[in-house]
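Structure record follows, encoded as structure tokens.
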Amino acid sequence: VQLQASGGGLVQAGGSLRLSCAASGVTFSRYKMGWFRQAPGKEREFVAAISWSAGSRYYPDSVRGRFTVSRDNAKNTVYLQMNSLKPEDTAVYYCAAELSQSYVGRAMDVVRVDHWGQGTLVTVSS
């Protein structure tokens with residue numbers, strides 16, 4: 001099983017980035033997919049989740065309205081479109097897969113994640 005994240009980089013505050021995470025070795029459509037982030041010295045934080053069918057999504061207040069998660073099951077890929085970026089969004093972003101075909105109505109729990117991507121660094125300058 002491999003989750004390969006990409007798309008991170010350096011962007012000015014107010015800018016946008018699009019992260020991608022390509023999955024291999026799994027039946028992608030059986031998984032709830034999500035994104036977490038971890039800033040230096042902080043715990044890993046939930047950012048977004050999307051159900052297997054893309055029928056439901058969930059975001060924490062910190063990113064709701066600025067970030068959009070989507071997926072393409074034909075390409076085994078999940079995306080995170082990040083707009084209006086702020087310096088406090090600076091972190092390593094990780095994609096995550098949880099074996100579940102249930103409705104997404106709350107944050108993903110790190111202890112329930114089955115597979116993690118390797119992380120991609122997003123740096124937002126002020």
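Residues in the structure tokens are numbered from 1 in each chain, the chains being A, B, ... in the order shown, and ligands are numbered from 1 in the order shown.
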
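Excluding region 61-68 of chain A itself and any same-chain residue fewer than 5 positions from it, the protein and nucleic acid residues within 7 Å of it, counting only C-alpha atoms, are A:Val47, A:Leu80, A:Gln81, A:Met82, A:Asn83, A:Ser84.
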
Let's have the selection written as a compact mmCIF listing (two decimals), in the first residue's frame, with C-alpha atoms.
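Below is the file out37.txt, written as the result:
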# COMPACT_ATOMS: atom_id res chain seq x y z
CA VAL A 47 -7.90 19.10 7.96
CA LEU A 80 -6.95 19.21 -1.38
CA GLN A 81 -7.51 22.64 -2.90
CA MET A 82 -6.27 25.28 -0.47
CA ASN A 83 -7.25 28.90 -1.04
CA SER A 84 -6.72 32.09 0.97

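Excluding Ser125 (chain A) and any residue on its chain fewer than 3 positions from it, the residues at most 10 Å away by only C-alpha atoms are Leu10, Val11, Gln12, Ala13, Gly14, Gly15, Leu85, Lys86, Pro87, Glu88, Asp89, Thr90 and Val122 of chain A.
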
Okay, now the selection with N, CA and C atoms, as an mmCIF file, in the first residue's frame?
data_model
loop_
_atom_site.group_PDB
_atom_site.id
_atom_site.type_symbol
_atom_site.label_atom_id
_atom_site.label_comp_id
_atom_site.auth_asym_id
_atom_site.auth_seq_id
_atom_site.Cartn_x
_atom_site.Cartn_y
_atom_site.Cartn_z
ATOM 1 N N LEU A 10 6.116 26.621 -1.438
ATOM 2 C CA LEU A 10 6.121 27.923 -0.775
ATOM 3 C C LEU A 10 5.150 28.852 -1.497
ATOM 4 N N VAL A 11 4.283 29.498 -0.726
ATOM 5 C CA VAL A 11 3.292 30.404 -1.305
ATOM 6 C C VAL A 11 3.114 31.587 -0.366
ATOM 7 N N GLN A 12 2.775 32.727 -0.922
ATOM 8 C CA GLN A 12 2.514 33.907 -0.098
ATOM 9 C C GLN A 12 1.119 33.827 0.510
ATOM 10 N N ALA A 13 0.960 34.502 1.616
ATOM 11 C CA ALA A 13 -0.346 34.566 2.255
ATOM 12 C C ALA A 13 -1.393 35.077 1.261
ATOM 13 N N GLY A 14 -2.535 34.425 1.275
ATOM 14 C CA GLY A 14 -3.592 34.768 0.333
ATOM 15 C C GLY A 14 -3.570 33.942 -0.934
ATOM 16 N N GLY A 15 -2.497 33.204 -1.133
ATOM 17 C CA GLY A 15 -2.351 32.389 -2.318
ATOM 18 C C GLY A 15 -3.041 31.043 -2.201
ATOM 19 N N LEU A 85 -4.658 31.097 1.695
ATOM 20 C CA LEU A 85 -3.743 30.501 2.667
ATOM 21 C C LEU A 85 -3.217 31.547 3.641
ATOM 22 N N LYS A 86 -3.000 31.088 4.863
ATOM 23 C CA LYS A 86 -2.508 31.933 5.943
ATOM 24 C C LYS A 86 -1.194 31.357 6.460
ATOM 25 N N PRO A 87 -0.364 32.180 7.075
ATOM 26 C CA PRO A 87 0.892 31.652 7.647
ATOM 27 C C PRO A 87 0.652 30.496 8.623
ATOM 28 N N GLU A 88 -0.453 30.526 9.340
ATOM 29 C CA GLU A 88 -0.733 29.446 10.292
ATOM 30 C C GLU A 88 -1.123 28.136 9.608
ATOM 31 N N ASP A 89 -1.263 28.137 8.290
ATOM 32 C CA ASP A 89 -1.490 26.898 7.549
ATOM 33 C C ASP A 89 -0.178 26.174 7.255
ATOM 34 N N THR A 90 0.925 26.796 7.574
ATOM 35 C CA THR A 90 2.236 26.172 7.345
ATOM 36 C C THR A 90 2.373 24.891 8.148
ATOM 37 N N VAL A 122 4.000 22.409 3.154
ATOM 38 C CA VAL A 122 3.373 23.651 2.700
ATOM 39 C C VAL A 122 3.886 24.779 3.585
#

- Straight-line distance linking CA of Val69 (chain A) with CA of Lys42 (chain A), stated in Å to one decimal: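 Pair CA of Val69 (chain A) / CA of Lys42 (chain A) returns 22.8 Å.
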
- Item | Secondary structure check, strand (DSSP E or B) residues of chain A, as number ranges by chain | A: 2-6, 9-12, 17-24, 31-38, 45-50, 57-58, 64, 67-72, 77-82, 91-99, 115-116, 120-125

- Polymer residues at most 12 Å from Ser6 (chain A), only C-alpha atoms, same-chain spacing of 3 or more positions, as a ChimeraX atom specification: /A:3,9,17-23,77-80,92-95,117-122

Same residues, N, CA and C atoms, output as a PDB file, in the first residue's frame:
ATOM      1  N   LEU A   3       0.623   5.634  -0.446  1.00  0.00           N
ATOM      2  CA  LEU A   3      -0.053   6.906  -0.677  1.00  0.00           C
ATOM      3  C   LEU A   3       1.032   7.929  -0.957  1.00  0.00           C
ATOM      4  N   GLY A   9       4.627  23.318  -1.319  1.00  0.00           N
ATOM      5  CA  GLY A   9       5.581  24.315  -1.759  1.00  0.00           C
ATOM      6  C   GLY A   9       5.468  25.583  -0.944  1.00  0.00           C
ATOM      7  N   LEU A  17      -2.795  26.622  -3.215  1.00  0.00           N
ATOM      8  CA  LEU A  17      -2.055  25.421  -3.592  1.00  0.00           C
ATOM      9  C   LEU A  17      -3.038  24.282  -3.729  1.00  0.00           C
ATOM     10  N   ARG A  18      -2.676  23.309  -4.548  1.00  0.00           N
ATOM     11  CA  ARG A  18      -3.485  22.106  -4.688  1.00  0.00           C
ATOM     12  C   ARG A  18      -2.615  20.900  -4.410  1.00  0.00           C
ATOM     13  N   LEU A  19      -2.974  20.170  -3.387  1.00  0.00           N
ATOM     14  CA  LEU A  19      -2.262  18.948  -3.054  1.00  0.00           C
ATOM     15  C   LEU A  19      -2.952  17.759  -3.714  1.00  0.00           C
ATOM     16  N   SER A  20      -2.152  16.758  -4.052  1.00  0.00           N
ATOM     17  CA  SER A  20      -2.675  15.514  -4.606  1.00  0.00           C
ATOM     18  C   SER A  20      -2.120  14.346  -3.817  1.00  0.00           C
ATOM     19  N   CYS A  21      -2.860  13.274  -3.792  1.00  0.00           N
ATOM     20  CA  CYS A  21      -2.399  12.061  -3.126  1.00  0.00           C
ATOM     21  C   CYS A  21      -2.874  10.875  -3.951  1.00  0.00           C
ATOM     22  N   ALA A  22      -1.916  10.175  -4.541  1.00  0.00           N
ATOM     23  CA  ALA A  22      -2.228   9.026  -5.380  1.00  0.00           C
ATOM     24  C   ALA A  22      -2.052   7.745  -4.591  1.00  0.00           C
ATOM     25  N   ALA A  23      -3.049   6.892  -4.635  1.00  0.00           N
ATOM     26  CA  ALA A  23      -3.028   5.635  -3.896  1.00  0.00           C
ATOM     27  C   ALA A  23      -2.760   4.466  -4.821  1.00  0.00           C
ATOM     28  N   THR A  77      -7.058   8.915  -6.701  1.00  0.00           N
ATOM     29  CA  THR A  77      -6.405  10.131  -6.229  1.00  0.00           C
ATOM     30  C   THR A  77      -7.377  11.005  -5.440  1.00  0.00           C
ATOM     31  N   VAL A  78      -6.864  11.570  -4.361  1.00  0.00           N
ATOM     32  CA  VAL A  78      -7.607  12.553  -3.573  1.00  0.00           C
ATOM     33  C   VAL A  78      -6.848  13.878  -3.643  1.00  0.00           C
ATOM     34  N   TYR A  79      -7.610  14.972  -3.626  1.00  0.00           N
ATOM     35  CA  TYR A  79      -7.034  16.296  -3.780  1.00  0.00           C
ATOM     36  C   TYR A  79      -7.422  17.181  -2.598  1.00  0.00           C
ATOM     37  N   LEU A  80      -6.599  18.187  -2.358  1.00  0.00           N
ATOM     38  CA  LEU A  80      -6.945  19.214  -1.380  1.00  0.00           C
ATOM     39  C   LEU A  80      -6.628  20.566  -2.008  1.00  0.00           C
ATOM     40  N   VAL A  92       3.473  20.266   7.520  1.00  0.00           N
ATOM     41  CA  VAL A  92       3.570  19.113   6.631  1.00  0.00           C
ATOM     42  C   VAL A  92       2.176  18.514   6.534  1.00  0.00           C
ATOM     43  N   TYR A  93       1.707  18.327   5.321  1.00  0.00           N
ATOM     44  CA  TYR A  93       0.366  17.801   5.071  1.00  0.00           C
ATOM     45  C   TYR A  93       0.455  16.324   4.694  1.00  0.00           C
ATOM     46  N   TYR A  94      -0.382  15.526   5.349  1.00  0.00           N
ATOM     47  CA  TYR A  94      -0.405  14.086   5.138  1.00  0.00           C
ATOM     48  C   TYR A  94      -1.776  13.657   4.642  1.00  0.00           C
ATOM     49  N   CYS A  95      -1.792  12.803   3.614  1.00  0.00           N
ATOM     50  CA  CYS A  95      -3.067  12.192   3.251  1.00  0.00           C
ATOM     51  C   CYS A  95      -3.232  10.908   4.065  1.00  0.00           C
ATOM     52  N   GLY A 117       0.133   8.777   3.964  1.00  0.00           N
ATOM     53  CA  GLY A 117       1.080   9.206   2.958  1.00  0.00           C
ATOM     54  C   GLY A 117       2.345   9.719   3.623  1.00  0.00           C
ATOM     55  N   GLN A 118       3.329  10.064   2.805  1.00  0.00           N
ATOM     56  CA  GLN A 118       4.633  10.431   3.348  1.00  0.00           C
ATOM     57  C   GLN A 118       4.719  11.893   3.756  1.00  0.00           C
ATOM     58  N   GLY A 119       3.750  12.706   3.394  1.00  0.00           N
ATOM     59  CA  GLY A 119       3.763  14.111   3.780  1.00  0.00           C
ATOM     60  C   GLY A 119       4.350  15.006   2.709  1.00  0.00           C
ATOM     61  N   THR A 120       3.783  16.191   2.598  1.00  0.00           N
ATOM     62  CA  THR A 120       4.297  17.206   1.688  1.00  0.00           C
ATOM     63  C   THR A 120       4.252  18.548   2.414  1.00  0.00           C
ATOM     64  N   LEU A 121       5.339  19.304   2.327  1.00  0.00           N
ATOM     65  CA  LEU A 121       5.489  20.526   3.107  1.00  0.00           C
ATOM     66  C   LEU A 121       4.823  21.710   2.410  1.00  0.00           C
ATOM     67  N   VAL A 122       4.000  22.409   3.154  1.00  0.00           N
ATOM     68  CA  VAL A 122       3.373  23.651   2.700  1.00  0.00           C
ATOM     69  C   VAL A 122       3.886  24.779   3.585  1.00  0.00           C
TER      70      VAL A 122
END

- Task: Have a look at A:Gly7, A:Ser102, A:Arg30, A:Ala91 and name the one nearest to Val124 (chain A); count only C-alpha atoms.
- Result: A:Ala91

- Message: With distances taken over only C-alpha atoms, which residue among A:Asn76, A:Gln101, A:Thr27, A:Gln2 lies nearest Ile50 (chain A)?
- Response: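 Closest candidate: A:Gln101.
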
- Item | Nearest residue to Val104 (chain A) from the set A:Gln4, A:Ser70, A:Ser29, A:Ser51 (distances using only C-alpha atoms) | A:Ser51

- Using only C-alpha atoms: which of A:Ala39, A:Ala74, A:Met33, A:Ala54 has the shortest distance to Ala107 (chain A):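 Among A:Ala39, A:Ala74, A:Met33, A:Ala54, it is A:Met33 that comes nearest to Ala107 (chain A).
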
- Message: as a VMD selection string, please: every residue in chain A that DSSP puts in helix (DSSP H, G or I).
- Response: chain A and resid 28 to 30 87 to 89 110 to 112

- Query: From the list A:Gly25, A:Pro40, A:Gly34, A:Gly8, which residue is nearest Ser56 (chain A) when using only C-alpha atoms?
  - Reply: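 Distance minimum relative to Ser56 (chain A) lands on A:Gly34.
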
- Task: Counting only C-alpha atoms, figure out which residue out of A:Arg57, A:Arg106, A:Ser126, A:Val1 gets nearest to Val26 (chain A).
- Result: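 So, comparing all the options, the nearest one is A:Val1.
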
- Could you tell me how far CA of Gly105 (chain A) lies from CA of Thr123 (chain A), in Å and to one decimal? 28.8 Å
